[in-house]
$ cat target_23.pdb   # PDB, C-alpha atoms
ATOM      1  CA  MET A   1      64.012  60.971  47.176  1.00  0.00           C
ATOM      2  CA  ASN A   2      61.529  58.238  48.159  1.00  0.00           C
ATOM      3  CA  LYS A   3      61.928  59.201  51.828  1.00  0.00           C
ATOM      4  CA  LEU A   4      61.083  62.815  50.966  1.00  0.00           C
ATOM      5  CA  ILE A   5      57.923  61.786  49.079  1.00  0.00           C
ATOM      6  CA  LEU A   6      56.911  59.473  51.930  1.00  0.00           C
ATOM      7  CA  ALA A   7      57.455  62.223  54.521  1.00  0.00           C
ATOM      8  CA  ALA A   8      55.409  64.702  52.473  1.00  0.00           C
ATOM      9  CA  THR A   9      52.570  62.184  52.102  1.00  0.00           C
ATOM     10  CA  VAL A  10      52.507  61.423  55.850  1.00  0.00           C
ATOM     11  CA  PHE A  11      52.533  65.154  56.623  1.00  0.00           C
ATOM     12  CA  ALA A  12      49.603  65.768  54.259  1.00  0.00           C
ATOM     13  CA  ILE A  13      47.552  62.950  55.790  1.00  0.00           C
ATOM     14  CA  VAL A  14      48.232  64.081  59.371  1.00  0.00           C
ATOM     15  CA  SER A  15      47.537  67.736  58.543  1.00  0.00           C
ATOM     16  CA  CYS A  16      44.148  67.046  57.008  1.00  0.00           C
ATOM     17  CA  GLY A  17      42.615  64.592  59.451  1.00  0.00           C
ATOM     18  CA  GLY A  18      42.977  65.864  63.007  1.00  0.00           C
ATOM     19  CA  ASN A  19      39.633  67.445  63.898  1.00  0.00           C
ATOM     20  CA  ALA A  20      37.582  64.313  64.568  1.00  0.00           C
ATOM     21  CA  ASN A  21      37.341  64.734  68.341  1.00  0.00           C
ATOM     22  CA  LYS A  22      35.961  68.271  68.382  1.00  0.00           C
ATOM     23  CA  GLU A  23      32.262  68.849  68.768  1.00  0.00           C
ATOM     24  CA  LYS A  24      30.034  71.511  67.429  1.00  0.00           C
ATOM     25  CA  SER A  25      26.317  71.591  67.398  1.00  0.00           C
ATOM     26  CA  ASN A  26      23.356  73.559  66.183  1.00  0.00           C
ATOM     27  CA  GLU A  27      20.500  71.698  67.808  1.00  0.00           C
ATOM     28  CA  LYS A  28      18.253  74.682  68.575  1.00  0.00           C
ATOM     29  CA  GLY A  29      14.939  74.742  66.814  1.00  0.00           C
ATOM     30  CA  SER A  30      14.900  75.562  63.138  1.00  0.00           C
ATOM     31  CA  ASP A  31      13.210  78.883  63.915  1.00  0.00           C
ATOM     32  CA  GLN A  32      16.366  80.172  65.612  1.00  0.00           C
ATOM     33  CA  LYS A  33      19.061  81.630  63.393  1.00  0.00           C
ATOM     34  CA  ALA A  34      22.529  80.174  63.982  1.00  0.00           C
ATOM     35  CA  ASP A  35      25.400  82.625  64.292  1.00  0.00           C
ATOM     36  CA  SER A  36      28.850  81.627  63.170  1.00  0.00           C
ATOM     37  CA  ALA A  37      32.393  82.533  64.135  1.00  0.00           C
ATOM     38  CA  MET A  38      35.972  81.472  63.685  1.00  0.00           C
ATOM     39  CA  VAL A  39      37.671  79.410  66.383  1.00  0.00           C
ATOM     40  CA  GLU A  40      41.218  78.178  66.830  1.00  0.00           C
ATOM     41  CA  GLU A  41      41.415  74.430  67.356  1.00  0.00           C
ATOM     42  CA  LYS A  42      44.252  72.232  68.479  1.00  0.00           C
ATOM     43  CA  THR A  43      44.379  69.103  66.341  1.00  0.00           C
ATOM     44  CA  GLU A  44      45.679  65.668  67.306  1.00  0.00           C
ATOM     45  CA  ASP A  45      49.060  66.448  65.749  1.00  0.00           C
ATOM     46  CA  SER A  46      49.366  69.553  68.031  1.00  0.00           C
ATOM     47  CA  LYS A  47      49.009  72.031  65.183  1.00  0.00           C
ATOM     48  CA  GLU A  48      46.440  74.777  65.481  1.00  0.00           C
ATOM     49  CA  THR A  49      43.910  75.466  62.764  1.00  0.00           C
ATOM     50  CA  THR A  50      41.131  77.975  62.299  1.00  0.00           C
ATOM     51  CA  GLU A  51      37.669  76.811  61.378  1.00  0.00           C
ATOM     52  CA  GLU A  52      34.228  78.362  61.177  1.00  0.00           C
ATOM     53  CA  VAL A  53      31.769  77.298  63.868  1.00  0.00           C
ATOM     54  CA  GLU A  54      28.065  77.798  64.459  1.00  0.00           C
ATOM     55  CA  TYR A  55      26.266  78.664  67.679  1.00  0.00           C
ATOM     56  CA  PRO A  56      25.495  76.960  69.887  1.00  0.00           C
ATOM     57  CA  TYR A  57      29.150  75.943  70.005  1.00  0.00           C
ATOM     58  CA  MET A  58      30.175  72.942  72.123  1.00  0.00           C
ATOM     59  CA  ALA A  59      33.731  71.876  72.953  1.00  0.00           C
ATOM     60  CA  GLY A  60      35.472  69.588  75.411  1.00  0.00           C
ATOM     61  CA  ALA A  61      33.708  66.911  77.425  1.00  0.00           C
ATOM     62  CA  GLU A  62      29.929  66.530  77.215  1.00  0.00           C
ATOM     63  CA  PHE A  63      28.019  67.379  80.405  1.00  0.00           C
ATOM     64  CA  ASP A  64      24.487  67.750  81.749  1.00  0.00           C
ATOM     65  CA  GLN A  65      23.565  71.410  81.269  1.00  0.00           C
ATOM     66  CA  SER A  66      20.361  71.002  83.283  1.00  0.00           C
ATOM     67  CA  LYS A  67      22.460  70.872  86.486  1.00  0.00           C
ATOM     68  CA  ALA A  68      23.905  74.350  85.884  1.00  0.00           C
ATOM     69  CA  ILE A  69      23.687  77.013  88.565  1.00  0.00           C
ATOM     70  CA  SER A  70      23.737  80.729  87.803  1.00  0.00           C
ATOM     71  CA  THR A  71      26.804  82.859  88.452  1.00  0.00           C
ATOM     72  CA  ASP A  72      24.836  84.547  91.268  1.00  0.00           C
ATOM     73  CA  GLU A  73      24.213  81.135  92.894  1.00  0.00           C
ATOM     74  CA  LEU A  74      27.926  80.370  92.519  1.00  0.00           C
ATOM     75  CA  ALA A  75      28.762  83.650  94.276  1.00  0.00           C
ATOM     76  CA  GLN A  76      26.526  82.605  97.201  1.00  0.00           C
ATOM     77  CA  LYS A  77      28.165  79.155  97.415  1.00  0.00           C
ATOM     78  CA  LEU A  78      31.616  80.748  97.414  1.00  0.00           C
ATOM     79  CA  GLN A  79      30.780  82.742 100.550  1.00  0.00           C
ATOM     80  CA  SER A  80      30.942  79.511 102.574  1.00  0.00           C
ATOM     81  CA  PHE A  81      33.597  77.803 100.419  1.00  0.00           C
ATOM     82  CA  ASP A  82      36.734  76.820 102.327  1.00  0.00           C
ATOM     83  CA  GLY A  83      38.189  73.975 100.263  1.00  0.00           C
ATOM     84  CA  ASP A  84      40.797  73.874  97.505  1.00  0.00           C
ATOM     85  CA  SER A  85      38.362  73.414  94.634  1.00  0.00           C
ATOM     86  CA  MET A  86      34.717  72.681  93.989  1.00  0.00           C
ATOM     87  CA  SER A  87      33.112  70.871  91.056  1.00  0.00           C
ATOM     88  CA  ALA A  88      30.476  73.004  89.380  1.00  0.00           C
ATOM     89  CA  THR A  89      28.371  73.469  86.279  1.00  0.00           C
ATOM     90  CA  VAL A  90      27.759  77.183  85.824  1.00  0.00           C
ATOM     91  CA  LYS A  91      25.634  79.243  83.430  1.00  0.00           C
ATOM     92  CA  GLY A  92      26.267  82.930  82.791  1.00  0.00           C
ATOM     93  CA  ASN A  93      27.443  85.560  80.344  1.00  0.00           C
ATOM     94  CA  ILE A  94      30.878  85.819  78.796  1.00  0.00           C
ATOM     95  CA  LYS A  95      32.394  89.183  79.614  1.00  0.00           C
ATOM     96  CA  GLU A  96      35.669  88.923  77.680  1.00  0.00           C
ATOM     97  CA  VAL A  97      37.529  86.399  75.484  1.00  0.00           C
ATOM     98  CA  CYS A  98      41.190  85.988  74.555  1.00  0.00           C
ATOM     99  CA  GLN A  99      41.489  87.735  71.198  1.00  0.00           C
ATOM    100  CA  LYS A 100      44.465  85.685  70.026  1.00  0.00           C
ATOM    101  CA  LYS A 101      43.007  82.140  70.175  1.00  0.00           C
ATOM    102  CA  GLY A 102      39.943  82.059  72.415  1.00  0.00           C
ATOM    103  CA  CYS A 103      41.995  80.107  74.975  1.00  0.00           C
ATOM    104  CA  TRP A 104      40.423  81.856  78.001  1.00  0.00           C
ATOM    105  CA  MET A 105      37.347  83.865  78.869  1.00  0.00           C
ATOM    106  CA  ARG A 106      36.101  85.932  81.788  1.00  0.00           C
ATOM    107  CA  MET A 107      32.679  85.802  83.429  1.00  0.00           C
ATOM    108  CA  GLN A 108      31.083  88.077  86.012  1.00  0.00           C
ATOM    109  CA  VAL A 109      30.240  86.235  89.252  1.00  0.00           C
ATOM    110  CA  GLY A 110      27.898  88.078  91.563  1.00  0.00           C
ATOM    111  CA  GLU A 111      28.170  91.853  91.713  1.00  0.00           C
ATOM    112  CA  SER A 112      31.862  92.275  92.443  1.00  0.00           C
ATOM    113  CA  GLU A 113      33.864  89.247  91.352  1.00  0.00           C
ATOM    114  CA  GLU A 114      35.199  88.189  87.986  1.00  0.00           C
ATOM    115  CA  MET A 115      36.101  84.589  87.130  1.00  0.00           C
ATOM    116  CA  MET A 116      38.898  83.613  84.741  1.00  0.00           C
ATOM    117  CA  VAL A 117      37.921  80.494  82.780  1.00  0.00           C
ATOM    118  CA  ARG A 118      40.614  78.389  81.134  1.00  0.00           C
ATOM    119  CA  PHE A 119      40.121  75.155  79.267  1.00  0.00           C
ATOM    120  CA  LYS A 120      41.460  71.819  80.492  1.00  0.00           C
ATOM    121  CA  ASP A 121      44.897  70.948  79.130  1.00  0.00           C
ATOM    122  CA  TYR A 122      44.569  73.743  76.518  1.00  0.00           C
ATOM    123  CA  GLU A 123      42.674  71.211  74.385  1.00  0.00           C
ATOM    124  CA  PHE A 124      39.862  73.431  73.144  1.00  0.00           C
ATOM    125  CA  PHE A 125      38.999  77.089  72.750  1.00  0.00           C
ATOM    126  CA  VAL A 126      35.953  79.312  72.288  1.00  0.00           C
ATOM    127  CA  PRO A 127      35.189  81.559  69.294  1.00  0.00           C
ATOM    128  CA  LEU A 128      36.912  84.950  69.441  1.00  0.00           C
ATOM    129  CA  ASN A 129      33.573  86.772  69.180  1.00  0.00           C
ATOM    130  CA  SER A 130      31.999  84.949  72.144  1.00  0.00           C
ATOM    131  CA  ALA A 131      31.944  88.007  74.432  1.00  0.00           C
ATOM    132  CA  ASP A 132      28.378  88.904  75.444  1.00  0.00           C
ATOM    133  CA  HIS A 133      27.163  85.387  74.579  1.00  0.00           C
ATOM    134  CA  LYS A 134      25.573  83.089  77.150  1.00  0.00           C
ATOM    135  CA  THR A 135      27.645  80.102  78.187  1.00  0.00           C
ATOM    136  CA  THR A 136      27.467  76.992  80.316  1.00  0.00           C
ATOM    137  CA  ILE A 137      30.722  75.536  81.647  1.00  0.00           C
ATOM    138  CA  ASP A 138      31.493  72.378  83.574  1.00  0.00           C
ATOM    139  CA  GLY A 139      34.608  71.796  85.662  1.00  0.00           C
ATOM    140  CA  LYS A 140      36.300  73.003  88.849  1.00  0.00           C
ATOM    141  CA  VAL A 141      36.203  76.419  90.495  1.00  0.00           C
ATOM    142  CA  TYR A 142      39.058  77.558  92.757  1.00  0.00           C
ATOM    143  CA  TYR A 143      41.067  80.606  93.806  1.00  0.00           C
ATOM    144  CA  ASP A 144      44.357  81.133  91.982  1.00  0.00           C
ATOM    145  CA  THR A 145      47.276  83.542  92.344  1.00  0.00           C
ATOM    146  CA  ILE A 146      48.162  84.959  88.928  1.00  0.00           C
ATOM    147  CA  SER A 147      51.760  86.150  88.486  1.00  0.00           C
ATOM    148  CA  VAL A 148      52.633  89.599  87.140  1.00  0.00           C
ATOM    149  CA  LYS A 149      54.025  87.967  83.991  1.00  0.00           C
ATOM    150  CA  GLN A 150      50.799  86.021  83.390  1.00  0.00           C
ATOM    151  CA  LEU A 151      48.628  89.082  84.128  1.00  0.00           C
ATOM    152  CA  LYS A 152      50.555  91.044  81.504  1.00  0.00           C
ATOM    153  CA  HIS A 153      50.160  88.162  79.048  1.00  0.00           C
ATOM    154  CA  TYR A 154      46.381  88.102  79.604  1.00  0.00           C
ATOM    155  CA  ALA A 155      46.218  91.893  79.185  1.00  0.00           C
ATOM    156  CA  GLN A 156      48.087  91.632  75.868  1.00  0.00           C
ATOM    157  CA  ASP A 157      45.764  88.835  74.707  1.00  0.00           C
ATOM    158  CA  ALA A 158      42.810  91.071  75.527  1.00  0.00           C
ATOM    159  CA  GLY A 159      44.264  93.893  73.417  1.00  0.00           C
ATOM    160  CA  ALA A 160      45.252  96.240  76.257  1.00  0.00           C
ATOM    161  CA  PRO A 161      47.396  99.260  75.317  1.00  0.00           C
ATOM    162  CA  ALA A 162      51.135  98.918  76.027  1.00  0.00           C
ATOM    163  CA  ASP A 163      51.159 101.714  78.630  1.00  0.00           C
ATOM    164  CA  SER A 164      48.597  99.835  80.772  1.00  0.00           C
ATOM    165  CA  LEU A 165      50.945  96.818  81.004  1.00  0.00           C
ATOM    166  CA  GLU A 166      53.454  98.908  82.965  1.00  0.00           C
ATOM    167  CA  LYS A 167      50.812  99.449  85.658  1.00  0.00           C
ATOM    168  CA  ILE A 168      50.653  95.715  86.392  1.00  0.00           C
ATOM    169  CA  ILE A 169      53.149  95.327  89.237  1.00  0.00           C
ATOM    170  CA  GLU A 170      51.641  92.841  91.709  1.00  0.00           C
ATOM    171  CA  PRO A 171      50.283  89.289  91.497  1.00  0.00           C
ATOM    172  CA  LYS A 172      46.527  88.990  91.905  1.00  0.00           C
ATOM    173  CA  VAL A 173      44.382  86.379  93.645  1.00  0.00           C
ATOM    174  CA  THR A 174      41.451  85.635  91.375  1.00  0.00           C
ATOM    175  CA  LEU A 175      38.520  83.307  91.108  1.00  0.00           C
ATOM    176  CA  ALA A 176      39.405  80.713  88.477  1.00  0.00           C
ATOM    177  CA  PHE A 177      37.612  77.921  86.662  1.00  0.00           C
ATOM    178  CA  GLN A 178      39.125  75.004  84.780  1.00  0.00           C
ATOM    179  CA  ALA A 179      36.494  73.927  82.269  1.00  0.00           C
ATOM    180  CA  ASN A 180      36.273  70.330  81.087  1.00  0.00           C
ATOM    181  CA  GLY A 181      33.507  71.309  78.688  1.00  0.00           C
ATOM    182  CA  VAL A 182      31.829  74.475  77.378  1.00  0.00           C
ATOM    183  CA  VAL A 183      28.681  75.425  75.484  1.00  0.00           C
ATOM    184  CA  VAL A 184      28.418  78.927  74.003  1.00  0.00           C
ATOM    185  CA  GLU A 185      24.970  80.039  72.813  1.00  0.00           C
TER     186      GLU A 185
END
$ encode --input "target_23.pdb" --output "structure tokens"
Amino acid sequence: MNKLILAATVFAIVSCGGNANKEKSNEKGSDQKADSAMVEEKTEDSKETTEEVEYPYMAGAEFDQSKAISTDELAQKLQSFDGDSMSATVKGNIKEVCQKKGCWMRMQVGESEEMMVRFKDYEFFVPLNSADHKTTIDGKVYYDTISVKQLKHYAQDAGAPADSLEKIIEPKVTLAFQANGVVVE
């Protein structure tokens, strides 16, 4: 019986205290209204919780936003890119967000390319209503081959109809970004 009480107490303590390393901020001037949203968070004990956040929303590693290049500038740099990956801090608009957890987002790069942004080690997410918000991300950009299985998973996360999943039959090479940190305005 004592072991059961001890286990329940430990569980309660661990469940309540795991959000200390997540950041959120609302440092814009007081004349700007802060929006809010719900975001899934992974806590230190590997359980996911939902909490309300305010914009601007910051997660992951801190970084210098003043060094950010636009998505159009990134598109120009990629024309001469021939390496495996390139470190970058990029500012642009969020086109789409995973509607299950906020564990990925898509951004338009240039006129014809889309970039899939995932978050380092699945440690942080963005609010589910982040689409159409401005964002700044810091990390590595690279080209990735996405399997048919993963493409179908992403389509499901985005809320695609079941009949459209059957049309996904080939892997796709895409522009990808692994973000160490993100700010959503």
$ closest_residue --input "target_23.pdb" --among "A:Gly110, A:Tyr142, A:Lys149, A:Pro161" --to "Asp82 (chain A)" --atoms "only C-alpha atoms"
A:Tyr142
$ closest_residue --input "target_23.pdb" --among "A:Asn180, A:Asn93, A:Thr174, A:Gln76" --to "Met116 (chain A)" --atoms "only C-alpha atoms"
A:Thr174
$ residues_around --input "target_23.pdb" --residues "Gly159 (chain A)" --least-positions-apart "5" --cutoff "12 Å" --atoms "all atoms listed in the file" --output "ChimeraX atom specification"
/A:96-100,152-154,164-165
$ atom_distance --input "target_23.pdb" --atom1 "CA of Asp138 (chain A)" --atom2 "CA of Ala160 (chain A)"
28.5 Å
$ atom_distance --input "target_23.pdb" --atom1 "CA of Met107 (chain A)" --atom2 "CA of Gly83 (chain A)"
21.3 Å
$ closest_residue --input "target_23.pdb" --among "A:Glu114, A:Asp157, A:Asp132, A:Glu54" --to "Leu175 (chain A)" --atoms "all atoms listed in the file"
A:Glu114
$ closest_residue --input "target_23.pdb" --among "A:Lys91, A:Lys167, A:Lys172, A:Arg118" --to "Asp144 (chain A)" --atoms "all atoms listed in the file"
A:Lys172
$ residues_around --input "target_23.pdb" --residues "His133 (chain A)" --least-positions-apart "2" --cutoff "9 Å" --atoms "only C-alpha atoms" --output "PyMOL selection string"
chain A and resi 92-95+129-131+135+184-185
$ decode --input "target_23.pdb" --residues "region 83-126 of chain A" --atoms "C-alpha atoms" --output "tab-separated table (two decimals), in the first residue's frame"
chain	number	residue	atom	x	y	z
A	83	GLY	CA	26.34	21.16	-50.13
A	84	ASP	CA	24.48	18.79	-47.82
A	85	SER	CA	23.05	21.46	-45.53
A	86	MET	CA	23.36	25.16	-44.82
A	87	SER	CA	22.87	27.02	-41.54
A	88	ALA	CA	20.29	29.76	-41.87
A	89	THR	CA	18.00	32.12	-40.00
A	90	VAL	CA	14.94	32.73	-42.15
A	91	LYS	CA	11.92	35.03	-41.86
A	92	GLY	CA	8.70	34.42	-43.76
A	93	ASN	CA	5.05	33.43	-43.58
A	94	ILE	CA	3.67	30.13	-42.35
A	95	LYS	CA	1.61	28.52	-45.08
A	96	GLU	CA	0.38	25.42	-43.23
A	97	VAL	CA	0.74	23.78	-39.79
A	98	CYS	CA	0.26	20.21	-38.57
A	99	GLN	CA	-3.27	20.18	-37.19
A	100	LYS	CA	-2.64	17.33	-34.75
A	101	LYS	CA	0.19	18.80	-32.63
A	102	GLY	CA	1.88	21.67	-34.47
A	103	CYS	CA	4.93	19.43	-34.96
A	104	TRP	CA	5.67	20.72	-38.49
A	105	MET	CA	4.88	23.70	-40.67
A	106	ARG	CA	5.30	24.67	-44.31
A	107	MET	CA	6.64	27.95	-45.69
A	108	GLN	CA	6.71	29.30	-49.23
A	109	VAL	CA	10.26	29.89	-50.51
A	110	GLY	CA	10.51	32.01	-53.61
A	111	GLU	CA	7.75	31.69	-56.19
A	112	SER	CA	7.74	27.95	-56.76
A	113	GLU	CA	9.20	26.07	-53.81
A	114	GLU	CA	7.72	25.03	-50.50
A	115	MET	CA	9.82	24.24	-47.42
A	116	MET	CA	8.85	21.66	-44.80
A	117	VAL	CA	9.96	22.83	-41.34
A	118	ARG	CA	10.33	20.30	-38.54
A	119	PHE	CA	11.56	20.98	-35.04
A	120	LYS	CA	14.81	19.58	-33.67
A	121	ASP	CA	14.41	16.27	-31.84
A	122	TYR	CA	10.60	16.79	-31.74
A	123	GLU	CA	11.20	18.88	-28.61
A	124	PHE	CA	8.85	21.77	-29.34
A	125	PHE	CA	5.88	22.63	-31.51
A	126	VAL	CA	4.05	25.68	-32.84
